[in-house]
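Chemist: final-v4.cif is reproduced in full below (mmCIF, C-alpha atoms and all ligand atoms).
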data_coords
#
loop_
_atom_site.label_atom_id
_atom_site.label_comp_id
_atom_site.auth_asym_id
_atom_site.auth_seq_id
_atom_site.Cartn_x
_atom_site.Cartn_y
_atom_site.Cartn_z
CA MET A 1 0.00 0.00 0.00
CA ALA A 2 2.92 2.30 0.70
CA ASP A 3 3.73 2.65 -2.99
CA ILE A 4 0.18 3.67 -3.96
CA THR A 5 -0.52 7.37 -4.35
CA PHE A 6 -4.13 8.41 -4.43
CA PRO A 7 -5.40 11.52 -6.20
CA ASP A 8 -5.70 14.65 -4.05
CA HIS A 9 -9.51 14.63 -4.19
CA PHE A 10 -9.56 11.14 -2.71
CA THR A 11 -7.13 11.82 0.15
CA LYS A 12 -8.99 15.07 0.90
CA THR A 13 -12.32 13.24 1.09
CA ALA A 14 -10.85 10.62 3.44
CA ASN A 15 -9.29 13.34 5.55
CA ASP A 16 -12.57 15.25 5.73
CA ILE A 17 -14.25 12.13 7.12
CA ARG A 18 -11.42 11.55 9.62
CA THR A 19 -11.48 15.16 10.86
CA MET A 20 -15.30 15.20 10.92
CA ARG A 21 -15.60 17.97 8.35
CA THR A 22 -17.82 15.33 6.75
CA ARG A 23 -19.85 13.68 9.50
CA GLY A 24 -23.04 11.78 10.25
CA ALA A 25 -23.19 8.07 9.49
CA GLY A 26 -25.41 8.43 6.43
CA LYS A 27 -23.43 11.27 4.90
CA ILE A 28 -20.19 9.38 5.53
CA ALA A 29 -21.64 6.38 3.67
CA ARG A 30 -22.73 8.45 0.67
CA THR A 31 -19.41 10.27 0.61
CA ALA A 32 -17.50 6.98 0.68
CA ALA A 33 -19.64 5.54 -2.12
CA LYS A 34 -18.92 8.56 -4.29
CA ALA A 35 -15.24 8.63 -3.34
CA ILE A 36 -14.63 5.02 -4.38
CA ALA A 37 -16.36 5.58 -7.74
CA ASP A 38 -14.38 8.79 -8.31
CA LEU A 39 -11.20 6.92 -7.42
CA ALA A 40 -12.09 4.25 -9.99
CA ASN A 41 -12.73 6.88 -12.64
CA SER A 42 -9.36 8.52 -12.02
CA TYR A 43 -7.49 5.25 -12.75
CA LYS A 44 -5.47 5.50 -15.96
CA SER A 45 -4.30 2.00 -16.96
CA ASP A 46 -6.17 -0.98 -18.49
CA ASP A 47 -4.69 -3.55 -16.09
CA LEU A 48 -7.78 -5.04 -14.42
CA LYS A 49 -5.90 -6.90 -11.69
CA LYS A 50 -3.98 -3.81 -10.63
CA PHE A 51 -7.18 -1.79 -10.85
CA LYS A 52 -8.95 -4.08 -8.39
CA SER A 53 -6.00 -3.93 -6.03
CA TYR A 54 -5.96 -0.12 -6.34
CA LEU A 55 -9.65 0.04 -5.39
CA ASP A 56 -9.13 -2.39 -2.55
CA HIS A 57 -6.37 -0.18 -1.14
CA GLY A 58 -8.58 2.87 -1.59
CA ALA A 59 -11.38 1.15 0.31
CA LYS A 60 -9.01 0.28 3.16
CA HIS A 61 -7.84 3.88 3.28
CA LEU A 62 -11.44 5.04 3.68
CA LEU A 63 -12.23 2.35 6.23
CA ASN A 64 -9.56 3.56 8.60
CA THR A 65 -11.11 7.01 8.92
CA ARG A 66 -14.08 6.30 11.28
CA PRO A 67 -13.96 2.81 12.80
CA SER A 68 -17.33 2.90 14.59
CA ALA A 69 -19.46 3.71 11.55
CA ILE A 70 -20.45 0.43 9.89
CA SER A 71 -22.29 2.61 7.39
CA LEU A 72 -18.94 3.38 5.78
CA LYS A 73 -17.95 -0.28 5.49
CA ASN A 74 -21.40 -1.21 4.25
CA ALA A 75 -21.33 1.57 1.66
CA LEU A 76 -18.18 -0.03 0.26
CA ARG A 77 -19.68 -3.51 0.51
CA LEU A 78 -22.84 -2.44 -1.28
CA THR A 79 -20.94 -0.62 -4.06
CA LEU A 80 -17.48 -2.08 -4.56
CA GLY A 81 -18.64 -5.47 -3.29
CA LYS A 82 -21.38 -5.68 -5.90
CA ALA A 83 -19.60 -4.14 -8.89
CA SER A 84 -18.33 -6.35 -11.68
CA GLY A 85 -16.77 -6.05 -15.12
CA GLN A 86 -14.45 -7.92 -17.47
CA THR A 87 -12.46 -4.79 -18.32
CA VAL A 88 -11.37 -1.70 -16.42
CA GLN A 89 -13.84 0.38 -18.42
CA ASP A 90 -16.75 -2.00 -17.68
CA LEU A 91 -15.94 -2.09 -13.99
CA LYS A 92 -15.67 1.70 -13.83
CA LYS A 93 -19.04 2.07 -15.52
CA ASN A 94 -20.72 -0.51 -13.34
CA LEU A 95 -19.26 0.84 -10.10
CA THR A 96 -20.28 4.40 -11.03
CA LYS A 97 -23.88 3.29 -11.63
CA ILE A 98 -24.03 1.25 -8.41
CA SER A 99 -22.55 4.13 -6.44
CA GLU A 100 -25.10 6.60 -7.85
CA ASP A 101 -27.92 4.17 -7.04
CA PHE A 102 -26.62 3.68 -3.50
CA ILE A 103 -26.56 7.44 -2.91
CA ALA A 104 -30.06 7.90 -4.32
CA HIS A 105 -31.41 5.02 -2.20
CA SER A 106 -29.68 6.38 0.87
CA LEU A 107 -31.29 9.81 0.47
CA LYS A 108 -34.67 8.22 -0.20
CA ALA A 109 -34.22 6.04 2.90
CA VAL A 110 -33.76 9.11 5.13
CA ASP A 111 -37.06 10.44 3.83
CA LEU A 112 -38.82 7.09 4.34
CA VAL A 113 -37.50 6.86 7.91
CA GLY A 114 -39.06 10.27 8.45
CA GLN A 115 -42.39 9.19 6.97
CA HIS A 116 -42.60 6.02 9.07
CA GLY A 117 -41.35 7.58 12.29
CA SER A 118 -43.60 10.61 12.12
CA LYS A 119 -46.67 8.36 12.36
CA ILE A 120 -45.91 7.48 15.98
CA ILE A 121 -45.63 11.11 17.05
CA HIS A 122 -48.68 12.83 18.52
CA ASP A 123 -49.72 16.45 18.39
CA GLN A 124 -48.20 18.52 21.23
CA ASP A 125 -45.64 15.82 22.16
CA PRO A 126 -42.51 17.11 23.91
CA LEU A 127 -39.64 15.02 22.47
CA LEU A 128 -35.92 14.67 23.05
CA THR A 129 -33.06 14.07 20.62
CA HIS A 130 -29.29 13.73 20.97
CA CYS A 131 -26.44 14.75 18.67
CA HIS A 132 -27.31 15.45 15.04
CA SER A 133 -28.87 12.61 13.12
CA SER A 134 -30.40 13.32 9.75
CA ALA A 135 -32.58 10.21 10.16
CA SER A 136 -33.95 11.57 13.45
CA THR A 137 -34.45 15.11 12.20
CA SER A 138 -36.27 13.64 9.21
CA VAL A 139 -38.79 12.06 11.61
CA LEU A 140 -39.23 15.30 13.57
CA ILE A 141 -39.53 17.45 10.45
CA HIS A 142 -42.10 15.12 8.88
CA ALA A 143 -44.18 15.25 12.07
CA HIS A 144 -43.98 19.05 12.05
CA GLU A 145 -44.96 19.21 8.37
CA GLN A 146 -48.00 17.07 9.16
CA GLY A 147 -49.14 19.86 11.47
CA LYS A 148 -48.13 18.19 14.74
CA ARG A 149 -47.10 20.92 17.17
CA ILE A 150 -44.15 19.11 18.73
CA LYS A 151 -41.61 20.62 21.11
CA VAL A 152 -38.11 19.29 20.55
CA PHE A 153 -35.40 19.34 23.20
CA ALA A 154 -31.91 18.76 21.82
CA THR A 155 -28.69 18.12 23.73
CA GLU A 156 -25.68 20.19 22.76
CA THR A 157 -23.59 16.96 22.53
CA ARG A 158 -20.11 17.65 23.77
CA PRO A 159 -17.41 17.78 22.62
CA TRP A 160 -18.37 18.52 19.01
CA ASN A 161 -21.69 20.22 19.75
CA GLN A 162 -23.55 18.53 16.93
CA GLY A 163 -26.70 19.57 18.81
CA HIS A 164 -26.10 23.06 17.44
CA ILE A 165 -26.59 21.67 13.94
CA THR A 166 -29.81 19.99 15.07
CA VAL A 167 -31.37 23.06 16.67
CA ARG A 168 -30.43 25.32 13.77
CA GLU A 169 -31.86 22.86 11.24
CA LEU A 170 -35.11 22.37 13.17
CA ALA A 171 -35.55 26.06 13.98
CA GLN A 172 -34.99 26.94 10.35
CA LYS A 173 -37.79 24.51 9.42
CA GLY A 174 -40.08 26.26 11.88
CA LEU A 175 -40.03 23.71 14.73
CA TYR A 176 -40.24 24.77 18.37
CA VAL A 177 -36.83 23.71 19.61
CA THR A 178 -34.83 24.09 22.82
CA LEU A 179 -31.11 23.49 23.29
CA ILE A 180 -30.00 21.90 26.58
CA VAL A 181 -26.68 20.78 28.02
CA ASP A 182 -26.04 17.04 27.99
CA SER A 183 -26.26 16.74 31.75
CA ALA A 184 -29.77 18.29 31.79
CA VAL A 185 -31.39 15.25 30.17
CA ARG A 186 -32.81 13.62 33.30
CA PHE A 187 -34.14 16.92 34.63
CA ILE A 188 -35.72 17.88 31.31
CA ILE A 189 -37.33 14.47 30.74
CA LYS A 190 -39.18 14.87 34.03
CA ASP A 191 -39.70 18.62 34.02
CA GLU A 192 -40.97 18.84 30.44
CA ASN A 193 -42.85 15.55 30.55
CA ILE A 194 -40.97 14.25 27.51
CA LYS A 195 -43.02 11.60 25.68
CA ALA A 196 -40.33 9.89 23.61
CA VAL A 197 -36.66 10.00 22.63
CA PHE A 198 -35.46 9.83 19.01
CA VAL A 199 -31.78 9.25 18.22
CA GLY A 200 -29.78 8.09 15.23
CA ALA A 201 -27.27 5.26 14.93
CA ASP A 202 -23.81 4.75 13.57
CA THR A 203 -24.06 0.97 13.79
CA ILE A 204 -26.71 -1.55 14.80
CA HIS A 205 -25.56 -5.01 15.82
CA SER A 206 -27.45 -8.20 15.01
CA ASP A 207 -28.66 -8.43 18.63
CA GLY A 208 -30.38 -5.05 18.21
CA SER A 209 -27.87 -3.11 20.31
CA VAL A 210 -27.08 0.35 19.04
CA ILE A 211 -23.81 2.24 18.69
CA ASN A 212 -24.47 5.95 18.68
CA LYS A 213 -22.94 9.19 19.91
CA ILE A 214 -21.48 9.09 23.40
CA GLY A 215 -24.19 9.77 25.96
CA THR A 216 -26.88 7.88 24.04
CA SER A 217 -26.89 4.92 26.43
CA GLN A 218 -27.27 7.22 29.45
CA ILE A 219 -30.27 8.83 27.81
CA ALA A 220 -31.71 5.38 27.08
CA LEU A 221 -31.38 4.50 30.76
CA VAL A 222 -33.11 7.70 31.82
CA ALA A 223 -35.89 7.07 29.27
CA HIS A 224 -36.24 3.56 30.69
CA GLU A 225 -36.46 4.94 34.21
CA ALA A 226 -39.10 7.46 33.10
CA GLY A 227 -41.07 4.76 31.27
CA ILE A 228 -40.96 6.53 27.91
CA PRO A 229 -40.04 4.95 24.57
CA PHE A 230 -36.54 5.26 23.18
CA TYR A 231 -36.56 5.09 19.37
CA VAL A 232 -33.57 4.64 17.08
CA CYS A 233 -33.83 6.06 13.56
CA ALA A 234 -31.54 4.24 11.14
CA GLU A 235 -31.37 3.15 7.52
CA THR A 236 -30.74 -0.59 7.24
CA TYR A 237 -27.25 -0.14 5.81
CA LYS A 238 -26.28 0.82 9.36
CA PHE A 239 -26.94 -2.79 10.36
CA SER A 240 -23.73 -4.76 10.83
CA PRO A 241 -23.36 -8.11 9.01
CA ASP A 242 -20.03 -8.60 10.84
CA SER A 243 -21.91 -8.75 14.12
CA LEU A 244 -23.60 -11.97 12.99
CA ARG A 245 -20.17 -13.52 13.42
CA GLY A 246 -19.68 -11.81 16.76
CA GLU A 247 -17.52 -9.01 15.38
CA LEU A 248 -18.58 -5.86 17.15
CA VAL A 249 -17.46 -2.43 16.02
CA GLU A 250 -14.59 -0.77 17.78
CA ILE A 251 -15.55 2.27 19.85
CA GLU A 252 -13.66 5.21 18.40
CA GLU A 253 -11.62 7.30 20.83
CA ARG A 254 -10.60 10.64 19.42
CA ASP A 255 -7.88 13.08 20.28
CA ILE A 256 -8.09 14.53 23.77
CA SER A 257 -7.58 18.02 22.38
CA GLU A 258 -11.28 17.84 21.46
CA ILE A 259 -12.07 17.97 25.20
CA ALA A 260 -9.51 20.41 26.57
CA ASP A 261 -5.93 21.56 26.28
CA PRO A 262 -3.91 19.07 28.37
CA LYS A 263 -1.40 21.83 29.10
CA ASP A 264 -4.05 23.49 31.27
CA PHE A 265 -4.36 20.32 33.38
CA PRO A 266 -0.95 19.10 34.52
CA LYS A 267 -0.89 15.43 35.65
CA VAL A 268 -4.47 14.88 34.44
CA ARG A 269 -5.38 12.05 32.10
CA PHE A 270 -8.18 12.31 29.58
CA ARG A 271 -10.29 9.89 27.59
CA ASN A 272 -12.48 10.82 24.65
CA PRO A 273 -14.67 7.89 23.59
CA VAL A 274 -17.11 9.25 21.04
CA PHE A 275 -19.67 6.45 20.88
CA ASP A 276 -21.33 4.10 23.31
CA ILE A 277 -23.52 1.03 23.10
CA THR A 278 -27.16 0.90 24.08
CA PRO A 279 -28.41 -2.65 24.73
CA ALA A 280 -31.46 -3.76 22.75
CA GLU A 281 -33.55 -4.06 25.91
CA TYR A 282 -33.65 -0.25 26.14
CA VAL A 283 -34.67 0.22 22.51
CA GLN A 284 -38.42 0.35 21.95
CA ALA A 285 -38.10 0.08 18.18
CA ILE A 286 -35.86 0.90 15.24
CA ILE A 287 -37.34 3.16 12.60
CA THR A 288 -35.96 2.12 9.21
CA GLU A 289 -36.81 2.86 5.58
CA ARG A 290 -38.61 -0.51 5.55
CA GLY A 291 -40.83 0.45 8.46
CA ILE A 292 -40.67 0.31 12.24
CA ILE A 293 -39.09 -2.89 13.46
CA SER A 294 -38.26 -4.56 16.74
CA PRO A 295 -34.55 -4.84 17.66
CA ALA A 296 -35.19 -8.60 17.55
CA ASP A 297 -35.78 -8.38 13.79
CA VAL A 298 -32.41 -6.85 12.95
CA GLN A 299 -30.75 -10.22 12.43
CA GLU A 300 -33.23 -11.34 9.80
CA ILE A 301 -32.83 -8.10 7.82
CA ILE A 302 -29.03 -8.37 7.90
CA LYS A 303 -29.17 -11.92 6.54
CA GLU A 304 -31.42 -10.89 3.69
CA LYS A 305 -29.78 -7.55 2.85
CA PHE A 306 -26.19 -8.69 2.88
CA LYS A 307 -26.49 -12.24 1.54
CA GLU A 308 -24.95 -11.43 -1.83
CA VAL A 309 -22.02 -9.54 -0.37
CA GLU A 310 -21.50 -11.63 2.74
CA GLU A 311 -18.38 -13.37 1.46
CA TRP A 312 -16.80 -10.28 0.05
CA SER A 313 -14.25 -8.80 2.39
CA LEU A 314 -12.08 -5.74 2.12
P1 LIG B 1 -27.29 10.21 10.51
C1 LIG B 1 -23.33 10.71 13.98
O1 LIG B 1 -21.99 10.44 14.21
C2 LIG B 1 -24.17 10.67 15.24
O2 LIG B 1 -23.74 9.70 16.17
C3 LIG B 1 -25.52 10.38 14.67
O3 LIG B 1 -26.46 9.92 15.60
C4 LIG B 1 -25.16 9.32 13.63
O4 LIG B 1 -23.92 9.77 13.08
C5 LIG B 1 -26.17 9.08 12.56
O5 LIG B 1 -26.31 10.23 11.76
P2 LIG B 1 -20.83 11.57 14.03
O6 LIG B 1 -20.36 11.48 12.60
O7 LIG B 1 -26.78 9.22 9.51
O8 LIG B 1 -21.36 12.92 14.39
O9 LIG B 1 -28.67 9.86 11.00
O10 LIG B 1 -19.72 11.13 14.96
O11 LIG B 1 -27.22 11.64 9.97
#
Go through the file and emit its structure as structure tokens.
Ligand code: RI2

Modeler:
Amino acid sequence: MADITFPDHFTKTANDIRTMRTRGAGKIARTAAKAIADLANSYKSDDLKKFKSYLDHGAKHLLNTRPSAISLKNALRLTLGKASGQTVQDLKKNLTKISEDFIAHSLKAVDLVGQHGSKIIHDQDPLLTHCHSSASTSVLIHAHEQGKRIKVFATETRPWNQGHITVRELAQKGLYVTLIVDSAVRFIIKDENIKAVFVGADTIHSDGSVINKIGTSQIALVAHEAGIPFYVCAETYKFSPDSLRGELVEIEERDISEIADPKDFPKVRFRNPVFDITPAEYVQAIITERGIISPADVQEIIKEKFKEVEEWSL
């Protein structure tokens, strides 16, 4: 791999994902699908074997950027893993088409998640969300557009403050939205009589457990304590086929400079895990583009969705 040089646009895209300039599991997936097709189209020789190896190295380069987002790996599985061709030109053409289809389906899926999820929201419901998830905001926006006068409470989501993106997006769409600090969740759930929690997912394991932004599992526990439903909004390409074999995603730990400047805290250690795992028992349902499913049904969907690409490995 050391002797392979990728085009600038490709390394920039990978770097944007790593540094979170491009973020959100769905957007990462679409960006990776486009990046691998663009990489293919920038290849100059007619040597098919070398071409495949080049793409494989490109895929590995992308995979290393965000280890907890199975959406990225699945985007490569569902594009590169399905593409075929007897010549470099054929493979380029086929991969480009598959990549475009994946992106279109992904965008459509976010809308469908919104349509399905909005049905379980009632008029006047106070609701809570965490981080910024386009699948979750799709649900909330659809409910609002149906005339349901919901009140959304959104956590700021340290250390990256993705909650700021959420509140700006929802406010701009005309929703009644309130920003709270992460540690206010338990107080707000009780004080505002929150009726349900909606979050996104970076990965969903075959046992229905959910990897999402750090703090999600605490919120799930508080929702459980309060007896309110905790819903996960996720397109099915966030389901992990690896987890069928017991391979769970690694929890990404990012640079401590995201939390504070260590120079200001002599002799202090830091940790910055950016995701956590919420067990299936705390998840009321998963809202997907196929409809609202039980965490117990995740396994069946994985088997069906990934059967053709199961053996393909990067
Ligand atoms: P959508 C994000 O990860 C958040 O954890 C969010 O819940 C999840 O991706 C899903 O986002 P990060 O990239 O695909 O901010 O629903 O670390 O937009």

Chemist: Residues within 10 Å of ligand LIG 1 (chain B), counting only C-alpha atoms and all ligand atoms: report them as a count of residues only.

Modeler: 57

Chemist: With distances taken over all atoms listed in the file, which residue among A:Glu145, A:Glu304, A:Glu225, A:Asp101 lies nearest Ala75 of chain A?

Modeler: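 Nearest candidate to Ala75 of chain A out of A:Glu145, A:Glu304, A:Glu225, A:Asp101: A:Asp101.
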
Chemist: Just want the 10 Å neighbourhood of Lys119 of chain A, counted on all atoms listed in the file, with same-chain residues fewer than 2 positions away dropped. Output as a ChimeraX atom specification.

Modeler: /A:114-117,121-122,139,142-143,146

Chemist: Those same residues - C-alpha atoms - I'd like them written as an mmCIF file, in the coordinates of the input.

Modeler:
data_model
loop_
_atom_site.group_PDB
_atom_site.id
_atom_site.type_symbol
_atom_site.label_atom_id
_atom_site.label_comp_id
_atom_site.auth_asym_id
_atom_site.auth_seq_id
_atom_site.Cartn_x
_atom_site.Cartn_y
_atom_site.Cartn_z
ATOM 1 C CA GLY A 114 -39.060 10.270 8.450
ATOM 2 C CA GLN A 115 -42.390 9.190 6.970
ATOM 3 C CA HIS A 116 -42.600 6.020 9.070
ATOM 4 C CA GLY A 117 -41.350 7.580 12.290
ATOM 5 C CA ILE A 121 -45.630 11.110 17.050
ATOM 6 C CA HIS A 122 -48.680 12.830 18.520
ATOM 7 C CA VAL A 139 -38.790 12.060 11.610
ATOM 8 C CA HIS A 142 -42.100 15.120 8.880
ATOM 9 C CA ALA A 143 -44.180 15.250 12.070
ATOM 10 C CA GLN A 146 -48.000 17.070 9.160
#

Chemist: Ranking A:Pro159, A:Arg245, A:Thr87, A:Val177 by minimum distance to Asn272 of chain A and counting only C-alpha atoms, which one comes first?

Modeler: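 Counting only C-alpha atoms, the residue closest to Asn272 of chain A is A:Pro159.
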
Chemist: Find the spatial neighbours of Gly85 of chain A, counting only C-alpha atoms, within a cut-off of 10 Å - ignore same-chain residues fewer than 4 positions away - and output them as a ChimeraX atom specification.

Modeler: /A:48,89-95
